[in-house]
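Each remark here refers to the structure printed beneath this line.
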Amino acid sequence: MSTANRFVPLASRAVFSRRVMLGLVGSAGVLGVAADLHQRRDGYRGGNGNGNGRSTGKLWTPLVAGAPIAHLAQVDKKYGESDYQAVYNAIAEKLRDEDEYDNYIGYGPVLLRLSWHCSGTWDKKDNTGGSFGGTYRFQKESNDPSNNGLENAAHFLEPIKKQFPWISYGDLYTLGGVTAVQELQGPKIAWRPGRVDMPEDTTPDNGRLPDADNGASYVRNFFDRMNFNDREVVALMGGHALGKTHLANSGYEGPWGAATNTFTNEFYNNLLNEHWTLEKNEANNEQYNSPKGYMMLKTDMALVQDDKYLPIVKEFAKDQNAFFKEYTNAFQKLLQNGITYSKDSPVFVFKTLDEQDL
Ligand code: FMI
């Protein structure tokens, strides 16, 4: 990545010279060293989304090549919980109104997929990609073949952006996923604002999202790039209870289960209890099919083929609360990966439309 692609807030300038020198080493260990400096001088912690540093910086400035990037959440104090709840409600009401999409599955699943794909580009090694910069809005990222079909979610959200122009794209895309999970009867997801639209040249290269035609070691290795352990990976993949695959988007076809617009643990029960046959589909891609018309990707089936994943699948199949608890943790982490939050930066848990009698 070129020099011009590196951005850090002005508040970090105090540590520039030392960070840059260390950054030029260019190894994976650099992030940790720089984070230490932050901690001592500015109160920051490393960028895994759980940081509790402090910053008042508002502007962005290019940094010299090699150093890790700090993405500090910036929250305009003018907007509080009720403003963000209003955005949540607008998304939720549109979800309820436009229910005919994709043969009455509705937009929930594709909104969840958009929030995951925006976040799933993150690389812990150099803190590039991730949800912070809202870079899905640029063609380079939206045209990634892995993102086929997500334009439907982006078009759905565009009027919401017009109604609430103060919200950043990164916040909007991630809030869309949170709204979808909650409105489709899934667990509450604590959500934090503060992502900042970043320039086009910070857009990550294509090819950072996983490929479904792979087994357990690929899945484990891939999600480790984002710091996820086995339990978190199994929980995240349970999002496939929602929606379906579409030949035109991914080259796969069919739903993972019966309840395509209700967030449940059905995915794990189907993995364990259906009779699966590996077959080639119309696009000549291999997928597992069941007599009930359900499908599984190879990466899904990997969860019952691996000794470490299998007991977690069994646990989540039996105990939906255990699944919800882990999903809440892992999904929040996914959406926040790479972002550093100050101690007083807000955390919101939004009310569903039902809870507000709307
Ligand atoms: Fe999945 N997904 N997903 N997905 N996803 C979908 C649809 C889809 C993969 C592949 C894949 C996660 C992880 C991974 C989610 C949620 C989540 C499709 C079909 C494919 C091929 C797309 C289409 O329209 O044809 C993997 C294997 C590679 C990227 C993978 O690791 C995770 C972690 C989640 C939850 C956060 C949802 C909801 C859908 C349905 C979208 C729709 O339009 O119905």
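Residue numbering restarts at 1 for every chain of the structure tokens, chains are lettered A, B, ... in their displayed order, and ligands are numbered from 1 as they appear.
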Spatial neighbours of Asn270 in chain A, max dist 12 Å, only C-alpha atoms, sep filter under 5 positions, as number ranges by chain: A: 238, 240-241, 255-259, 264-265, 275-276, 288-296, 300-301, 303-304, 313-314, 316-318
Selection near Arg113 in chain A, 9 Å with only C-alpha atoms, sequence-local residues under 3 positions removed, as JSON, numbers by chain: {"A": [108, 109, 110, 116, 117, 118, 150, 153, 177, 239]}
Residues within 7 Å of ligand 1, counting only C-alpha atoms and all ligand atoms, as a ChimeraX atom specification: /A:109-110,112-113,116,146,149,209-212,236-240,242-253,297,299-300,331
Every residue of range 98-128 of chain A that DSSP places in alpha helix (DSSP H), as a list in words: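 Taking range 98-128 of chain A and keeping alpha helix (DSSP H) gives Tyr101, Asp102, Asn103, Tyr104, Gly108, Pro109, Val110, Leu111, Leu112, Arg113, Leu114, Ser115, Trp116, His117, Cys118 and Ser119 of chain A.
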Selected residues written out, N, CA, C and O atoms, as an mmCIF file, in the first residue's frame:
data_model
loop_
_atom_site.group_PDB
_atom_site.id
_atom_site.type_symbol
_atom_site.label_atom_id
_atom_site.label_comp_id
_atom_site.auth_asym_id
_atom_site.auth_seq_id
_atom_site.Cartn_x
_atom_site.Cartn_y
_atom_site.Cartn_z
ATOM 1 N N TYR A 101 -39.619 -8.395 -1.151
ATOM 2 C CA TYR A 101 -38.297 -8.641 -1.760
ATOM 3 C C TYR A 101 -37.876 -10.118 -1.665
ATOM 4 O O TYR A 101 -38.077 -10.756 -0.637
ATOM 5 N N ASP A 102 -37.310 -10.650 -2.725
ATOM 6 C CA ASP A 102 -36.791 -12.024 -2.782
ATOM 7 C C ASP A 102 -37.864 -13.037 -2.355
ATOM 8 O O ASP A 102 -37.651 -13.844 -1.437
ATOM 9 N N ASN A 103 -38.991 -12.982 -3.057
ATOM 10 C CA ASN A 103 -40.106 -13.908 -2.764
ATOM 11 C C ASN A 103 -40.524 -13.887 -1.296
ATOM 12 O O ASN A 103 -40.691 -14.944 -0.681
ATOM 13 N N TYR A 104 -40.673 -12.704 -0.789
ATOM 14 C CA TYR A 104 -41.168 -12.484 0.582
ATOM 15 C C TYR A 104 -40.209 -12.948 1.683
ATOM 16 O O TYR A 104 -40.617 -13.143 2.817
ATOM 17 N N GLY A 108 -34.035 -8.328 5.235
ATOM 18 C CA GLY A 108 -33.220 -8.581 6.429
ATOM 19 C C GLY A 108 -31.930 -9.348 6.142
ATOM 20 O O GLY A 108 -30.833 -8.891 6.492
ATOM 21 N N PRO A 109 -32.032 -10.529 5.506
ATOM 22 C CA PRO A 109 -30.816 -11.319 5.277
ATOM 23 C C PRO A 109 -29.748 -10.585 4.466
ATOM 24 O O PRO A 109 -28.557 -10.651 4.792
ATOM 25 N N VAL A 110 -30.176 -9.890 3.421
ATOM 26 C CA VAL A 110 -29.164 -9.233 2.577
ATOM 27 C C VAL A 110 -28.540 -8.043 3.312
ATOM 28 O O VAL A 110 -27.360 -7.711 3.118
ATOM 29 N N LEU A 111 -29.307 -7.412 4.218
ATOM 30 C CA LEU A 111 -28.720 -6.342 5.046
ATOM 31 C C LEU A 111 -27.669 -6.922 6.001
ATOM 32 O O LEU A 111 -26.613 -6.323 6.226
ATOM 33 N N LEU A 112 -27.974 -8.103 6.558
ATOM 34 C CA LEU A 112 -26.995 -8.744 7.447
ATOM 35 C C LEU A 112 -25.727 -9.092 6.660
ATOM 36 O O LEU A 112 -24.607 -8.858 7.121
ATOM 37 N N ARG A 113 -25.923 -9.621 5.458
ATOM 38 C CA ARG A 113 -24.757 -10.000 4.649
ATOM 39 C C ARG A 113 -23.906 -8.771 4.299
ATOM 40 O O ARG A 113 -22.686 -8.823 4.319
ATOM 41 N N LEU A 114 -24.580 -7.637 4.003
ATOM 42 C CA LEU A 114 -23.818 -6.413 3.704
ATOM 43 C C LEU A 114 -22.979 -5.995 4.915
ATOM 44 O O LEU A 114 -21.794 -5.669 4.776
ATOM 45 N N SER A 115 -23.574 -6.035 6.100
ATOM 46 C CA SER A 115 -22.820 -5.593 7.290
ATOM 47 C C SER A 115 -21.616 -6.501 7.527
ATOM 48 O O SER A 115 -20.547 -6.041 7.927
ATOM 49 N N TRP A 116 -21.766 -7.787 7.241
ATOM 50 C CA TRP A 116 -20.658 -8.724 7.425
ATOM 51 C C TRP A 116 -19.580 -8.518 6.359
ATOM 52 O O TRP A 116 -18.392 -8.476 6.664
ATOM 53 N N HIS A 117 -20.001 -8.322 5.111
ATOM 54 C CA HIS A 117 -18.984 -8.153 4.055
ATOM 55 C C HIS A 117 -18.219 -6.834 4.192
ATOM 56 O O HIS A 117 -17.050 -6.750 3.834
ATOM 57 N N CYS A 118 -18.878 -5.793 4.706
ATOM 58 C CA CYS A 118 -18.173 -4.522 4.950
ATOM 59 C C CYS A 118 -17.111 -4.702 6.024
ATOM 60 O O CYS A 118 -16.083 -4.036 6.005
ATOM 61 N N SER A 119 -17.411 -5.566 6.987
ATOM 62 C CA SER A 119 -16.531 -5.741 8.141
ATOM 63 C C SER A 119 -15.502 -6.838 7.896
ATOM 64 O O SER A 119 -14.400 -6.807 8.451
#
Given only C-alpha atoms as the counted atoms, nearest of A:Gly338, A:Gly186, A:Gly207, A:Pro199 to Ser131 in chain A: A:Gly338
Which residues, written as a PDB file with C-alpha atoms, in the first residue's frame, have at least one atom at most 12 Å from Phe228 in chain A, with only C-alpha atoms counted and residues fewer than 2 positions away on the same chain left out?
ATOM      1  CA  ASN A  48      -9.157  -4.934  17.993  1.00  0.00           C
ATOM      2  CA  GLY A 120     -15.063  -9.018   6.883  1.00  0.00           C
ATOM      3  CA  TRP A 122     -10.449  -6.495   8.097  1.00  0.00           C
ATOM      4  CA  ASP A 123      -6.869  -7.684   8.525  1.00  0.00           C
ATOM      5  CA  LYS A 124      -5.507  -7.667  12.077  1.00  0.00           C
ATOM      6  CA  VAL A 219     -12.267 -21.504   7.593  1.00  0.00           C
ATOM      7  CA  ARG A 220     -10.251 -21.540  10.834  1.00  0.00           C
ATOM      8  CA  ASN A 221      -7.287 -19.886   9.208  1.00  0.00           C
ATOM      9  CA  PHE A 222      -9.387 -17.294   7.430  1.00  0.00           C
ATOM     10  CA  PHE A 223     -11.288 -16.170  10.514  1.00  0.00           C
ATOM     11  CA  ASP A 224      -8.083 -16.057  12.539  1.00  0.00           C
ATOM     12  CA  ARG A 225      -7.060 -13.131  10.292  1.00  0.00           C
ATOM     13  CA  MET A 226      -9.888 -11.319  12.106  1.00  0.00           C
ATOM     14  CA  ASP A 230     -13.638 -21.577  16.971  1.00  0.00           C
ATOM     15  CA  ARG A 231     -16.675 -20.782  19.110  1.00  0.00           C
ATOM     16  CA  GLU A 232     -17.072 -17.341  17.543  1.00  0.00           C
ATOM     17  CA  VAL A 233     -16.723 -18.769  14.016  1.00  0.00           C
ATOM     18  CA  VAL A 234     -19.409 -21.399  14.614  1.00  0.00           C
ATOM     19  CA  ALA A 235     -21.718 -18.730  16.064  1.00  0.00           C
ATOM     20  CA  LEU A 236     -21.163 -16.257  13.226  1.00  0.00           C
ATOM     21  CA  MET A 237     -21.870 -18.881  10.571  1.00  0.00           C
ATOM     22  CA  GLU A 326     -22.115 -16.155  21.520  1.00  0.00           C
ATOM     23  CA  TYR A 327     -23.592 -14.571  18.393  1.00  0.00           C
ATOM     24  CA  ASN A 329     -20.473 -11.262  21.291  1.00  0.00           C
ATOM     25  CA  ALA A 330     -18.988 -12.360  17.960  1.00  0.00           C
ATOM     26  CA  PHE A 331     -21.156 -10.151  15.764  1.00  0.00           C
ATOM     27  CA  GLN A 332     -20.466  -7.036  17.814  1.00  0.00           C
ATOM     28  CA  LYS A 333     -16.760  -7.850  17.607  1.00  0.00           C
ATOM     29  CA  LEU A 334     -16.995  -8.342  13.822  1.00  0.00           C
ATOM     30  CA  ASN A 337     -12.868  -4.909  14.500  1.00  0.00           C
TER      31      ASN A 337
END
Selected residue, from A:Leu335, A:Lys188, A:Asp197, A:Lys298, that lies nearest to Asn214 in chain A when counting only C-alpha atoms: A:Lys298
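Interatomic distance, CA of Phe164 in chain A against CA of Asp144 in chain A: 27.2 Å.
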Between CA of Asp306 in chain A and CA of Pro145 in chain A, distance in Å (one decimal):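 Going from CA of Asp306 in chain A over to CA of Pro145 in chain A, I get 28.3 Å.
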Shortest interatomic distance to Ser142 in chain A - which of A:Lys325, A:Pro204, A:Asp99, A:Trp191, counting only C-alpha atoms: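 So, comparing all the options, the nearest one is A:Pro204.
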Separation of CA of Arg192 in chain A from CA of Leu175 in chain A in Å: 9.0 Å
